[in-house]
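Text of input-v6.txt (compact mmCIF, C-alpha atoms) as supplied:
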```
# COMPACT_ATOMS: atom_id res chain seq x y z
CA MET N 149 0.00 0.00 0.00
CA ARG N 150 1.16 3.50 -0.77
CA GLY N 151 0.56 7.08 0.26
CA LEU N 152 -2.87 7.64 1.78
CA SER N 153 -3.54 3.92 2.18
CA ARG N 154 -0.29 3.34 4.07
CA ALA N 155 -1.23 5.99 6.64
CA SER N 156 -4.74 4.55 6.95
CA LEU N 157 -3.31 1.05 7.43
CA VAL N 158 -1.42 2.27 10.50
CA GLU N 159 -4.62 3.72 11.97
CA VAL N 160 -6.62 0.55 11.37
CA GLU N 161 -3.82 -1.63 12.77
CA GLU N 162 -3.86 0.46 15.96
CA ARG N 163 -7.60 -0.13 16.34
CA PHE N 164 -7.14 -3.83 15.61
CA ASN N 165 -4.41 -4.11 18.24
CA SER N 166 -6.62 -2.42 20.81
CA VAL N 167 -9.47 -4.93 20.41
CA ALA N 168 -7.72 -8.17 19.43
CA GLY N 169 -6.25 -8.89 22.86
CA SER N 170 -9.56 -9.96 24.36
CA ALA N 171 -10.87 -11.75 21.26
CA ASP N 172 -10.85 -15.37 20.14
CA LEU N 173 -8.10 -14.91 17.57
CA GLY N 174 -9.11 -17.83 15.37
CA ALA N 175 -12.69 -16.60 15.17
CA LEU N 176 -11.47 -13.03 14.59
CA SER N 177 -9.32 -14.22 11.69
CA ASP N 178 -12.24 -16.08 10.10
CA GLU N 179 -14.56 -13.09 10.53
CA LEU N 180 -12.12 -10.61 8.99
CA PHE N 181 -11.61 -12.97 6.06
CA ALA N 182 -15.39 -13.23 5.64
CA ILE N 183 -15.82 -9.43 5.63
CA ALA N 184 -13.01 -9.04 3.06
CA ASP N 185 -14.65 -11.71 0.90
CA LEU N 186 -18.03 -9.95 1.19
CA LEU N 187 -16.48 -6.68 -0.04
CA ASP N 188 -14.81 -8.52 -2.92
CA ARG N 189 -18.13 -10.01 -4.01
CA GLU N 190 -20.29 -6.92 -3.53
CA HIS N 191 -18.61 -4.29 -5.69
CA GLY N 192 -21.26 -1.67 -5.07
CA LEU N 193 -20.99 -2.08 -1.31
CA ARG N 194 -17.19 -1.83 -1.46
CA ARG N 195 -17.35 1.36 -3.53
CA ALA N 196 -19.89 2.89 -1.14
CA LEU N 197 -17.87 2.01 1.96
CA SER N 198 -14.60 3.28 0.50
CA ASP N 199 -16.09 6.49 -1.00
CA PRO N 200 -14.07 9.40 0.48
CA ALA N 201 -16.98 11.78 -0.16
CA ARG N 202 -19.22 9.96 2.32
CA PRO N 203 -18.94 10.80 6.04
CA ALA N 204 -17.00 8.21 8.02
CA GLU N 205 -19.80 7.92 10.58
CA GLN N 206 -22.31 7.12 7.83
CA LYS N 207 -20.12 4.37 6.37
CA ALA N 208 -19.47 2.86 9.80
CA GLY N 209 -23.22 2.91 10.49
CA VAL N 210 -24.01 1.08 7.25
CA LEU N 211 -21.42 -1.57 8.05
CA ARG N 212 -22.68 -2.04 11.60
CA SER N 213 -26.27 -2.44 10.39
CA LEU N 214 -25.11 -5.19 8.03
CA LEU N 215 -22.82 -7.11 10.37
CA GLN N 216 -23.95 -6.56 13.96
CA GLY N 217 -24.85 -9.90 15.51
CA LYS N 218 -23.14 -11.79 12.68
CA VAL N 219 -19.54 -11.18 13.72
CA GLY N 220 -17.83 -10.48 17.04
CA GLU N 221 -17.22 -7.00 18.38
CA ALA N 222 -13.48 -7.12 17.66
CA ALA N 223 -14.05 -7.86 13.96
CA LEU N 224 -16.80 -5.25 13.78
CA ALA N 225 -14.67 -2.57 15.45
CA THR N 226 -11.76 -3.34 13.11
CA ALA N 227 -13.98 -3.22 10.03
CA GLU N 228 -15.59 0.04 11.19
CA ALA N 229 -12.13 1.59 11.52
CA ALA N 230 -11.30 0.37 8.01
CA VAL N 231 -14.39 1.85 6.34
CA SER N 232 -13.93 5.11 8.28
CA ALA N 233 -10.40 5.52 6.87
CA ARG N 234 -9.46 6.89 3.46
CA TRP N 235 -7.90 4.63 0.81
CA SER N 236 -5.93 5.32 -2.35
CA ARG N 237 -7.89 2.61 -4.19
CA THR N 238 -11.13 0.81 -3.34
CA GLY N 239 -9.44 -2.60 -3.30
CA ASP N 240 -7.22 -1.55 -0.41
CA LEU N 241 -10.22 -1.72 1.95
CA ALA N 242 -10.64 -5.49 1.48
CA ASP N 243 -6.86 -5.95 1.36
CA VAL N 244 -6.35 -4.49 4.83
CA LEU N 245 -9.09 -6.66 6.34
CA GLU N 246 -7.60 -9.81 4.85
CA ARG N 247 -4.14 -8.72 6.01
CA LEU N 248 -5.37 -8.31 9.58
CA GLY N 249 -7.10 -11.69 9.33
CA VAL N 250 -3.68 -13.19 8.63
CA VAL N 251 -2.19 -11.25 11.56
CA ALA N 252 -4.90 -12.56 13.88
CA ALA N 253 -4.23 -16.13 12.76
CA ALA N 254 -0.48 -15.67 13.23
CA ALA N 255 -1.05 -14.22 16.72
CA GLU N 256 -3.11 -17.28 17.62
CA ALA N 257 -0.32 -19.57 16.40
CA GLU N 258 2.22 -17.61 18.43
CA SER N 259 0.08 -17.91 21.56
CA GLN N 260 0.06 -21.68 20.98
CA ARG N 261 3.85 -21.71 20.39
CA ARG N 262 3.27 -22.97 16.85
CA LEU N 263 4.34 -19.95 14.81
CA ASP N 264 7.48 -21.71 13.56
CA ASP N 265 5.35 -24.70 12.52
CA VAL N 266 3.00 -22.43 10.56
CA GLU N 267 5.86 -20.71 8.73
CA ASP N 268 7.41 -24.04 7.79
CA GLU N 269 4.11 -25.64 6.78
CA ILE N 270 3.09 -22.78 4.50
CA PHE N 271 6.50 -22.88 2.83
CA ARG N 272 6.44 -26.68 2.42
CA PHE N 273 2.91 -26.59 1.01
CA GLY N 274 4.12 -24.15 -1.63
CA ARG N 275 6.88 -26.57 -2.59
CA ILE N 276 4.39 -29.47 -2.76
CA VAL N 277 2.09 -27.50 -5.06
CA ALA N 278 5.02 -26.45 -7.27
CA ALA N 279 6.05 -30.10 -7.66
CA ASN N 280 2.53 -31.39 -8.37
CA PRO N 281 0.91 -29.77 -11.44
CA ASP N 282 -2.31 -31.80 -11.08
CA LEU N 283 -2.80 -30.60 -7.52
CA ARG N 284 -2.06 -27.03 -8.52
CA ARG N 285 -4.63 -27.17 -11.34
CA ALA N 286 -7.27 -28.61 -8.99
CA LEU N 287 -6.70 -25.89 -6.41
CA ALA N 288 -6.51 -23.06 -8.96
CA ASP N 289 -9.58 -24.15 -10.98
CA ALA N 290 -11.93 -21.16 -10.81
CA SER N 291 -14.89 -23.32 -11.91
CA ALA N 292 -14.46 -25.86 -9.09
CA PRO N 293 -16.91 -25.46 -6.17
CA GLU N 294 -15.50 -23.93 -2.99
CA GLU N 295 -16.62 -26.83 -0.80
CA GLY N 296 -14.79 -29.27 -3.05
CA LYS N 297 -11.56 -27.34 -2.58
CA ARG N 298 -12.11 -27.15 1.17
CA ALA N 299 -12.69 -30.91 1.30
CA LEU N 300 -9.56 -31.56 -0.75
CA LEU N 301 -7.46 -29.43 1.58
CA ARG N 302 -8.94 -31.07 4.67
CA GLY N 303 -8.11 -34.49 3.26
CA LEU N 304 -4.55 -33.43 2.48
CA LEU N 305 -3.72 -31.37 5.55
CA GLU N 306 -6.12 -31.85 8.48
CA GLY N 307 -4.31 -33.41 11.42
CA LYS N 308 -0.97 -33.05 9.62
CA VAL N 309 -0.48 -29.29 9.97
CA ALA N 310 -1.35 -26.66 12.57
CA PRO N 311 -4.99 -25.48 12.41
CA THR N 312 -3.67 -21.98 11.60
CA SER N 313 -1.82 -23.32 8.55
CA LEU N 314 -4.98 -25.01 7.28
CA ARG N 315 -6.99 -21.80 7.90
CA LEU N 316 -4.53 -19.62 5.95
CA ILE N 317 -4.00 -22.04 3.08
CA THR N 318 -7.76 -22.53 2.72
CA GLN N 319 -8.32 -18.78 2.55
CA LEU N 320 -5.74 -18.46 -0.22
CA VAL N 321 -7.14 -21.35 -2.25
CA VAL N 322 -10.85 -20.54 -1.90
CA HIS N 323 -10.42 -16.75 -2.18
CA PRO N 324 -7.30 -16.08 -4.30
CA ARG N 325 -8.33 -12.43 -4.85
CA GLY N 326 -6.51 -12.20 -8.18
CA ARG N 327 -3.25 -13.74 -6.94
CA SER N 328 -1.56 -16.93 -8.00
CA LEU N 329 -1.38 -19.50 -5.22
CA GLU N 330 2.40 -19.13 -5.14
CA ALA N 331 2.20 -15.34 -4.72
CA GLY N 332 -0.45 -15.68 -2.03
CA LEU N 333 1.61 -18.20 -0.04
CA GLU N 334 4.68 -15.97 -0.25
CA GLU N 335 2.70 -12.93 0.91
CA VAL N 336 1.13 -14.79 3.83
CA GLY N 337 4.50 -16.28 4.81
CA ARG N 338 5.92 -12.76 4.98
CA LEU N 339 3.05 -11.53 7.17
CA VAL N 340 3.36 -14.52 9.49
CA ALA N 341 7.09 -13.85 9.87
CA GLN N 342 6.38 -10.22 10.73
CA GLN N 343 4.49 -11.41 13.79
CA ARG N 344 7.92 -11.48 15.44
CA GLN N 345 9.43 -8.88 13.14
CA ARG N 346 11.57 -11.46 11.40
CA LEU N 347 12.91 -11.61 7.90
CA VAL N 348 12.21 -14.70 5.79
CA ALA N 349 15.25 -16.16 4.02
CA VAL N 350 14.63 -18.75 1.28
CA VAL N 351 17.72 -20.97 1.10
CA ARG N 352 18.41 -23.21 -1.90
CA SER N 353 20.98 -25.93 -1.36
CA ALA N 354 21.95 -29.15 -3.14
CA VAL N 355 21.68 -31.06 0.15
CA GLU N 356 19.68 -30.69 3.34
CA LEU N 357 21.47 -28.40 5.78
CA THR N 358 22.34 -29.77 9.20
CA ASP N 359 20.96 -28.11 12.31
CA ALA N 360 24.42 -26.71 13.05
CA GLN N 361 24.68 -25.22 9.54
CA LYS N 362 21.23 -23.66 9.88
CA GLN N 363 22.18 -22.14 13.23
CA ARG N 364 25.41 -20.67 11.83
CA LEU N 365 23.65 -19.29 8.75
CA THR N 366 20.84 -17.82 10.90
CA ALA N 367 23.37 -16.17 13.22
CA TRP N 368 25.30 -14.70 10.27
CA LEU N 369 22.16 -13.34 8.62
CA ARG N 370 20.93 -11.91 11.93
CA ALA N 371 24.25 -10.12 12.38
CA SER N 372 24.21 -8.88 8.77
CA TYR N 373 20.62 -7.57 8.74
CA GLY N 374 20.20 -6.64 12.40
CA ARG N 375 16.94 -8.59 12.66
CA ASP N 376 15.83 -12.13 13.44
CA VAL N 377 15.66 -14.35 10.36
CA HIS N 378 13.51 -17.43 9.69
CA LEU N 379 15.04 -19.95 7.26
CA ASN N 380 12.95 -21.76 4.65
CA VAL N 381 15.32 -24.36 3.20
CA GLU N 382 14.66 -25.82 -0.24
CA VAL N 383 16.75 -28.76 -1.49
CA ASP N 384 17.47 -28.30 -5.20
CA LYS N 385 19.77 -30.79 -6.97
CA ARG N 386 20.38 -28.25 -9.75
CA VAL N 387 22.41 -26.13 -7.35
CA LEU N 388 25.43 -28.54 -7.67
CA GLY N 389 27.31 -26.99 -4.74
CA GLY N 390 27.11 -24.16 -2.22
CA PHE N 391 23.82 -22.45 -1.54
CA SER N 392 21.83 -19.32 -2.32
CA VAL N 393 19.82 -17.12 0.03
CA ARG N 394 16.96 -14.85 -1.05
CA ILE N 395 15.63 -12.20 1.33
CA GLY N 396 13.03 -10.09 -0.43
CA ASP N 397 14.62 -8.89 -3.67
CA GLU N 398 18.19 -9.47 -2.47
CA ILE N 399 20.02 -12.68 -3.42
CA ILE N 400 23.25 -14.00 -1.91
CA ASP N 401 24.48 -16.68 -4.29
CA THR N 402 27.42 -18.97 -3.44
CA THR N 403 26.31 -21.84 -5.68
CA ILE N 404 28.46 -23.28 -8.45
CA VAL N 405 25.60 -22.56 -10.88
CA GLY N 406 25.55 -18.96 -9.69
CA ARG N 407 29.28 -18.57 -10.21
CA ILE N 408 29.03 -20.04 -13.72
CA GLU N 409 26.23 -17.61 -14.58
CA GLU N 410 28.30 -14.70 -13.25
CA VAL N 411 31.26 -15.73 -15.44
CA ARG N 412 28.96 -15.97 -18.44
CA ARG N 413 27.61 -12.48 -17.81
CA ARG N 414 31.12 -11.07 -17.48
CA LEU N 415 32.24 -12.77 -20.72
CA ALA N 416 29.16 -11.49 -22.53
CA GLY N 417 30.24 -7.97 -21.57
```

Would you give me this structure, written as structure tokens?
Amino acid sequence: MRGLSRASLVEVEERFNSVAGSADLGALSDELFAIADLLDREHGLRRALSDPARPAEQKAGVLRSLLQGKVGEAALATAEAAVSARWSRTGDLADVLERLGVVAAAAEAESQRRLDDVEDEIFRFGRIVAANPDLRRALADASAPEEGKRALLRGLLEGKVAPTSLRLITQLVVHPRGRSLEAGLEEVGRLVAQQRQRLVAVVRSAVELTDAQKQRLTAWLRASYGRDVHLNVEVDKRVLGGFSVRIGDEIIDTTIVGRIEEVRRRLAG
């Protein structure tokens, strides 16, 4: 988000933080997702509730009349703050509610001491989807019924991953909101990591790193970036030797393949 929306996001986050502490975080996450999905479906409602020419009190009143008794007070208060704010584009209104739904889910996982599990499971699910084109097509099929996708995900993941992981993955699959599944998983992984203000480093290596190697790499990255870092390690036989680390748009490449590509670029002038 940029400009006006970025400032509004801060305001809505402050309201969210003030009400989330006493809420059932799992229910709050589901309710914020449901409100975001409602605004995505009802274009006229979204335009009316994000119209900067309408008084904030009027927009909050319309929202409360629609949702009171259907969602908890924490979700309602957060959504009222969102519709009372001003946004650079109408889509940002639903975006911020979905974003805070992810934050609520991540906070629940942290309270259960399962935040690391959730980060790892979301990353691993992305790798599974990337390696299985049939599964990816089934999950990305816009014509497939939502309940069918939910049932497929329950069969694949229920009891095998944290409930928060299943909640977040299901939201991304059933309501992609214009994103590819890969982009959605990456975005959610970044938001989950921010729950403890950590960077996410995607490590590609020809072999699985030992625990000692992971600890040394984590310590080095923490010292380099001045922030905690969560490692997502991907074994890739094409690497040949060494490893690469991607943090955001920055890549640290020590692989043999990377060195060969660098030589080729230098020779090509």

Contacts of stretch 332-346 of chain N within 9 Å, only C-alpha atoms, excl. fewer than 4 positions in-chain, as a PyMOL selection string: chain N and resi 247+250-251+253-255+258+263-264+266-268+270-271+273-274+316-317+320-321+324-325+327-328+375-378

Save out the residues we just selected, C-alpha atoms, as a PDB file, in the coordinates of the input.
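For reference, selection_21.pdb as written:
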```
ATOM      1  CA  ARG N 247      -4.140  -8.720   6.010  1.00  0.00           C
ATOM      2  CA  VAL N 250      -3.680 -13.190   8.630  1.00  0.00           C
ATOM      3  CA  VAL N 251      -2.190 -11.250  11.560  1.00  0.00           C
ATOM      4  CA  ALA N 253      -4.230 -16.130  12.760  1.00  0.00           C
ATOM      5  CA  ALA N 254      -0.480 -15.670  13.230  1.00  0.00           C
ATOM      6  CA  ALA N 255      -1.050 -14.220  16.720  1.00  0.00           C
ATOM      7  CA  GLU N 258       2.220 -17.610  18.430  1.00  0.00           C
ATOM      8  CA  LEU N 263       4.340 -19.950  14.810  1.00  0.00           C
ATOM      9  CA  ASP N 264       7.480 -21.710  13.560  1.00  0.00           C
ATOM     10  CA  VAL N 266       3.000 -22.430  10.560  1.00  0.00           C
ATOM     11  CA  GLU N 267       5.860 -20.710   8.730  1.00  0.00           C
ATOM     12  CA  ASP N 268       7.410 -24.040   7.790  1.00  0.00           C
ATOM     13  CA  ILE N 270       3.090 -22.780   4.500  1.00  0.00           C
ATOM     14  CA  PHE N 271       6.500 -22.880   2.830  1.00  0.00           C
ATOM     15  CA  PHE N 273       2.910 -26.590   1.010  1.00  0.00           C
ATOM     16  CA  GLY N 274       4.120 -24.150  -1.630  1.00  0.00           C
ATOM     17  CA  LEU N 316      -4.530 -19.620   5.950  1.00  0.00           C
ATOM     18  CA  ILE N 317      -4.000 -22.040   3.080  1.00  0.00           C
ATOM     19  CA  LEU N 320      -5.740 -18.460  -0.220  1.00  0.00           C
ATOM     20  CA  VAL N 321      -7.140 -21.350  -2.250  1.00  0.00           C
ATOM     21  CA  PRO N 324      -7.300 -16.080  -4.300  1.00  0.00           C
ATOM     22  CA  ARG N 325      -8.330 -12.430  -4.850  1.00  0.00           C
ATOM     23  CA  ARG N 327      -3.250 -13.740  -6.940  1.00  0.00           C
ATOM     24  CA  SER N 328      -1.560 -16.930  -8.000  1.00  0.00           C
ATOM     25  CA  ARG N 375      16.940  -8.590  12.660  1.00  0.00           C
ATOM     26  CA  ASP N 376      15.830 -12.130  13.440  1.00  0.00           C
ATOM     27  CA  VAL N 377      15.660 -14.350  10.360  1.00  0.00           C
ATOM     28  CA  HIS N 378      13.510 -17.430   9.690  1.00  0.00           C
TER      29      HIS N 378
END
```

Would you pick out the contacts of N:Leu176 at 12 Å or less, using only C-alpha atoms, so that residues sharing its chain but fewer than 2 positions from it are not included, and give the list as a ChimeraX atom specification? /N:164-165,167-174,178-183,218-227,245-246,248-256,315

For a quick check of understanding, using all atoms listed in the file, which of N:Leu287, N:Leu186, N:Val160, N:Ala257 has the smallest distance to N:Ser232? N:Val160

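With all atoms listed in the file as the atoms that count, the residue of N:Ala242, N:Glu161, N:Ala349, N:Glu330 with the shortest distance to N:Ala279 is N:Glu330.
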
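Among the candidates N:Asn280, N:Ser236, N:Asn380, N:Gln216, the one nearest to N:Leu157 when counting all atoms listed in the file is N:Ser236.
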